[in-house]
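J.: First the structure, then my questions, so here it is.
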Amino acid sequence: MVRLDILGVQAFVFIAELGSFKSAATHLHLSQTALSRRVSKLEETIGVKLFVRTTRSITLSEAGQEFLPRARRIVRELSSALSGMKDSAAKGYGNFVLACLPTIAATLLPPVLAEYGRLYPKNRIQILDRSTYEIRDAVLTGVADFAISVPGAPHSDLEYEYLFDDPVVAVCPIGHPLGDRSKLSWKELEGLPLIGVSALSGLRLQIETVLNEHKLDLFFAYEVSHLATIIGLARGGAGIAVLPLTAVRPLLDTDLKILRLHTPLVNRGIQIFKRSDRSLSAASYPLYKLALEHLRIPPDKPLPQ
């Protein structure tokens with residue numbers, strides 16, 4: 001087993017991120033000689049060169065580029081662990097990581113966090129607002145304590161609790177020919193230019209599967225990654241946006257209209273989940289319970305618009 005040289009790993013990460021030995025040495029309050037010695041010791045331990053050095057510059061070697069993401073995680077996790085232990089011992093509070101879909105984090109989560117903050121004002125929370133795949137991986141790898149997301153395929157190492165169904169809706173300008181409607185069948189979208197999320201996203205794959213099952217021929221004229229772009233295109237009349245309800249509620253104003261889509265109903269199931277073989281920390285458990293209390297909506301009750 002290779003002995004972990006945490007000081008060398010820390011030195012490597014700061015040099016890579018700051019771009020020079022001088023800046024990293026200043027940040028770590030070391031001489032450049034001491035910093036260089038740490039990196040050389042790490043390179044000797046693992047048997048590869050992590051940097052390509054010239055008289056004018058320093059760049060990561062191929063091995064260094066491969067090692068950097070792992071090294072960052074080592075430093076981050078150790079720093080978080082030490083900080084958490086110090087805070088808990090001295091002041092009785094702790095840090096933790098919550099992974100959450102951006103649409104949920106920006107709309108439904110803030111009141112829950114506000115209540116948690118009133119109860120535990122000293123606690124610090126890192127929110128990973130990522131894609132469904134990244135969120136699931138964050139919980140499985142232990143980066144996040146728990147998550148609020150679409151969980152994907154069941155996993156034996158995860159424990160799930162249902163929160164609510166998030167319906168897929170259409171969004172168009174008030175002046176659109178469909179702007180006076182409150183609901184719309186998917187069939188009525190045939191022949192119209194649609195604006196949707198990336199074809200590789202979990203939501204888009206879910207929509208495509210349902211539409212294929214019902215033999216619906218829809219045309220997604222625009223595939224967009226960022227929510228603000230989708231809303232802007234819809235507001236400008238480029239097409240009708242197809243999005244989950246939680247994504248569009250906070251961005252709507254008087255010039256946009258939400259149309260409930262039916263036949264078929266398409267929902268993304270939002271769940272809260274954590275690793276089944278690990279207990280939540282004393283800091284994260286209260287937020288987990290608050291999220292269950294405030295965000296859980298019975299399946300027979302629609303999500304408010």
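Residues are referred to by chain and number: the chain letter is A, B, ... according to the order shown in the structure tokens, the number counts from 1 in that chain, and ligands are numbered separately from 1 in the order shown.
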From a DSSP pass on the backbone, collect the residues of segment 62-257 of chain A flagged as strand (DSSP E) and hand them back as an MDAnalysis selection string.
T.: chainID A and resid 95:100 124:129 146:149 158:173 183:185 193:197 219:224 240:244 256:257
J.: Might you pull out every residue within 9 Å of segment 268-282 of chain A, with only C-alpha atoms counted and same-chain residues fewer than 3 positions away left off, and present them as a count of residues only?
T.: 37
J.: At a cut-off of 12 Å, can you tabulate as CSV every residue of segment 113-156 of chain A near segment 76-84 of chain A together with its closest atom pair and the distance in Å to one decimal, using only C-alpha atoms and ordering rows by chain then number?
T.:
residue,atom,partner,partner_atom,distance
A:Lys122,CA,A:Gly84,CA,11.7
A:Asn123,CA,A:Gly84,CA,9.7
A:Arg124,CA,A:Gly84,CA,9.5
A:Ile125,CA,A:Ser80,CA,11.2
A:Gln126,CA,A:Ser80,CA,10.6
A:Thr141,CA,A:Glu77,CA,11.6
A:Gly142,CA,A:Glu77,CA,9.8
A:Val143,CA,A:Glu77,CA,8.1
A:Ala144,CA,A:Glu77,CA,10.8
J.: Would you put the residues from that selection into a file with C-alpha atoms, as a CSV table (one decimal), in the first residue's frame?
T.:
chain,number,residue,atom,x,y,z
A,122,LYS,CA,-24.1,28.0,12.7
A,123,ASN,CA,-24.3,25.1,10.3
A,124,ARG,CA,-22.9,25.4,6.8
A,125,ILE,CA,-24.4,23.6,3.8
A,126,GLN,CA,-22.8,23.0,0.4
A,141,THR,CA,-19.6,8.1,-3.7
A,142,GLY,CA,-20.3,9.8,-0.4
A,143,VAL,CA,-19.7,13.3,-1.6
A,144,ALA,CA,-23.3,14.3,-0.7
J.: Taking the chain letters and numbering used in this document, name the residues of segment 21-129 of chain A that DSSP puts in helix (DSSP H, G or I), as a PyMOL selection string.
T.: chain A and resi 21-28+32-46+62-91+102-107+109-119
J.: Need to verify the contact set: Glu17 of chain A, 12 Å, only C-alpha atoms, exclusion of same-chain residues closer than 5 positions in sequence. Can you return it as a PDB file with C-alpha atoms, in the first residue's frame?
T.:
ATOM      1  CA  GLN A  10      -2.165  19.526  -1.137  1.00  0.00           C
ATOM      2  CA  ALA A  11       0.902  21.169  -2.691  1.00  0.00           C
ATOM      3  CA  PHE A  12       0.149  19.568  -6.060  1.00  0.00           C
ATOM      4  CA  SER A  23       1.659  31.660  -5.909  1.00  0.00           C
ATOM      5  CA  ALA A  24       1.111  28.265  -4.298  1.00  0.00           C
ATOM      6  CA  HIS A  27      -0.840  30.691  -0.320  1.00  0.00           C
ATOM      7  CA  ILE A  58       4.842  24.916 -15.632  1.00  0.00           C
ATOM      8  CA  THR A  59       2.049  22.718 -16.936  1.00  0.00           C
ATOM      9  CA  LEU A  60       0.415  19.500 -15.853  1.00  0.00           C
ATOM     10  CA  GLY A  64      -0.994  15.143 -13.538  1.00  0.00           C
ATOM     11  CA  GLN A  65      -4.148  15.920 -15.514  1.00  0.00           C
ATOM     12  CA  LEU A  68      -5.897  16.302 -10.388  1.00  0.00           C
ATOM     13  CA  PRO A  69      -9.660  15.544  -9.974  1.00  0.00           C
ATOM     14  CA  ALA A  71      -6.364  14.947  -5.638  1.00  0.00           C
ATOM     15  CA  ARG A  72      -8.898  17.765  -5.352  1.00  0.00           C
TER      16      ARG A  72
END
J.: Compile the contact shell of Phe51 of chain A as a VMD selection string: residues with an atom at most 12 Å away, counting only C-alpha atoms, same-chain residues fewer than 5 positions apart removed.
T.: chain A and resid 12 to 13 15 to 16 19 to 21 36 39 to 40 42 to 43 57 to 68
J.: Would you list the contacts of Lys187 of chain A as an mmCIF file with C-alpha atoms, in the first residue's frame, taking every protein, DNA or RNA residue within 12 Å and counting only C-alpha atoms, but skipping same-chain residues closer than 3 positions in sequence?
T.:
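Contents of result-v4.cif, freshly written:
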data_model
loop_
_atom_site.group_PDB
_atom_site.id
_atom_site.type_symbol
_atom_site.label_atom_id
_atom_site.label_comp_id
_atom_site.auth_asym_id
_atom_site.auth_seq_id
_atom_site.Cartn_x
_atom_site.Cartn_y
_atom_site.Cartn_z
ATOM 1 C CA LYS A 183 -54.320 22.694 -20.860
ATOM 2 C CA LEU A 184 -53.214 20.948 -24.008
ATOM 3 C CA GLU A 190 -47.503 18.050 -33.468
ATOM 4 C CA GLY A 191 -46.280 20.331 -36.246
ATOM 5 C CA LEU A 192 -45.230 23.110 -33.829
ATOM 6 C CA LEU A 211 -43.985 9.869 -26.916
ATOM 7 C CA HIS A 214 -47.988 6.794 -27.809
ATOM 8 C CA LYS A 215 -46.747 7.166 -31.410
ATOM 9 C CA LEU A 216 -46.574 10.963 -31.221
ATOM 10 C CA ASP A 217 -44.424 12.794 -33.781
ATOM 11 C CA LEU A 218 -43.110 15.994 -32.190
ATOM 12 C CA PHE A 219 -40.442 18.345 -33.507
ATOM 13 C CA LEU A 261 -50.076 18.738 -20.850
ATOM 14 C CA HIS A 262 -52.213 15.602 -20.917
ATOM 15 C CA THR A 263 -52.862 12.450 -22.936
ATOM 16 C CA PRO A 264 -50.514 11.233 -21.743
ATOM 17 C CA LEU A 265 -49.636 12.796 -18.408
#
J.: So, with only C-alpha atoms as the atoms that count, which of A:Ala114, A:Ala247, A:Ala138, A:Val75 lies closest to Ala99 of chain A?
T.: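 Looking only at the distances to Ala99 of chain A, the closest residue turns out to be A:Ala138.
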J.: Quick one: pull the distance between atom CA of Ile258 of chain A and atom CA of Glu134 of chain A, Å, one decimal.
T.: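 According to the coordinates, atom CA of Ile258 of chain A and atom CA of Glu134 of chain A are separated by 28.8 Å.
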J.: Would you mind listing what lies within 10 Å of Gly175 of chain A as number ranges by chain, with only C-alpha atoms counted and same-chain residues fewer than 3 positions away left out?
T.: A: 172, 178-180, 235, 237, 255-257
J.: Which one is closest to Glu44 of chain A: A:Arg3, A:Ser31, A:Arg56, A:Ser131? Count only C-alpha atoms.
T.: A:Arg3
J.: To one decimal place, how far is atom CA of Arg204 of chain A from atom CA of Ser182 of chain A in Å?
T.: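 Atom-to-atom, atom CA of Arg204 of chain A and atom CA of Ser182 of chain A are spaced 22.8 Å apart.
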J.: State, in Å with one decimal place, the distance from atom CA of Leu7 of chain A to atom CA of Ala25 of chain A.
T.: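 Interatomic distance, atom CA of Leu7 of chain A to atom CA of Ala25 of chain A: 12.4 Å.
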J.: Which of these, A:Gly196, A:Arg38, A:Ile297, A:Leu287, has the shortest distance to Leu113 of chain A once you count only C-alpha atoms?
T.: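 Ranking A:Gly196, A:Arg38, A:Ile297, A:Leu287 by distance to Leu113 of chain A, first place goes to A:Leu287.
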J.: Could you check the closest approach to Val242 of chain A for each of A:Pro111, A:Pro193, A:Gly202, A:Pro177 and tell me which residue wins, using only C-alpha atoms?
T.: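 For Val242 of chain A, the nearest of the given residues is A:Pro193.
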J.: Residues at most 12 Å from Ala238 of chain A, counting only C-alpha atoms, excluding those fewer than 6 positions away in the same chain, as a list in words?
T.: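 Listing them by chain and then by number gives Val171, Cys172, Pro173, His176, Leu192, Pro193, Leu194, Ile195, Gly196, Phe220, Ala221, Tyr222, Thr229, Ile230, Ile231 and Gly232 of chain A.
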J.: For the selection you just gave me, I'd like the residues written to a file as a short mmCIF file (atom, residue, chain, number, x, y, z; two decimals), in the first residue's frame, keeping N, CA and C atoms.
T.:
data_model
loop_
_atom_site.label_atom_id
_atom_site.label_comp_id
_atom_site.auth_asym_id
_atom_site.auth_seq_id
_atom_site.Cartn_x
_atom_site.Cartn_y
_atom_site.Cartn_z
N VAL A 171 -44.97 25.93 -22.22
CA VAL A 171 -44.91 27.36 -21.91
C VAL A 171 -44.87 28.14 -23.21
N CYS A 172 -45.74 29.13 -23.33
CA CYS A 172 -45.77 29.97 -24.52
C CYS A 172 -46.14 31.40 -24.13
N PRO A 173 -45.91 32.38 -25.00
CA PRO A 173 -46.31 33.75 -24.70
C PRO A 173 -47.83 33.87 -24.64
N HIS A 176 -49.62 34.02 -27.97
CA HIS A 176 -49.58 32.86 -28.86
C HIS A 176 -51.00 32.36 -29.11
N LEU A 192 -45.68 21.84 -34.41
CA LEU A 192 -45.23 23.11 -33.83
C LEU A 192 -43.76 23.01 -33.42
N PRO A 193 -43.00 24.09 -33.56
CA PRO A 193 -41.60 24.07 -33.11
C PRO A 193 -41.54 24.05 -31.58
N LEU A 194 -40.82 23.10 -31.04
CA LEU A 194 -40.72 22.97 -29.59
C LEU A 194 -39.31 23.29 -29.12
N ILE A 195 -39.22 23.72 -27.88
CA ILE A 195 -37.94 24.02 -27.23
C ILE A 195 -37.81 23.09 -26.05
N GLY A 196 -36.74 22.30 -26.02
CA GLY A 196 -36.58 21.34 -24.94
C GLY A 196 -35.17 21.29 -24.41
N PHE A 220 -38.70 18.87 -31.90
CA PHE A 220 -37.94 19.75 -31.01
C PHE A 220 -36.95 20.54 -31.87
N ALA A 221 -37.35 21.75 -32.20
CA ALA A 221 -36.54 22.60 -33.07
C ALA A 221 -35.29 23.11 -32.35
N TYR A 222 -35.36 23.21 -31.02
CA TYR A 222 -34.24 23.74 -30.25
C TYR A 222 -33.95 22.83 -29.07
N THR A 229 -32.17 30.28 -21.07
CA THR A 229 -32.20 30.33 -22.53
C THR A 229 -33.52 29.78 -23.06
N ILE A 230 -33.97 28.67 -22.48
CA ILE A 230 -35.24 28.08 -22.91
C ILE A 230 -36.39 29.07 -22.71
N ILE A 231 -36.43 29.70 -21.54
CA ILE A 231 -37.50 30.67 -21.26
C ILE A 231 -37.40 31.86 -22.20
N GLY A 232 -36.17 32.33 -22.46
CA GLY A 232 -35.99 33.46 -23.37
C GLY A 232 -36.46 33.16 -24.77
#
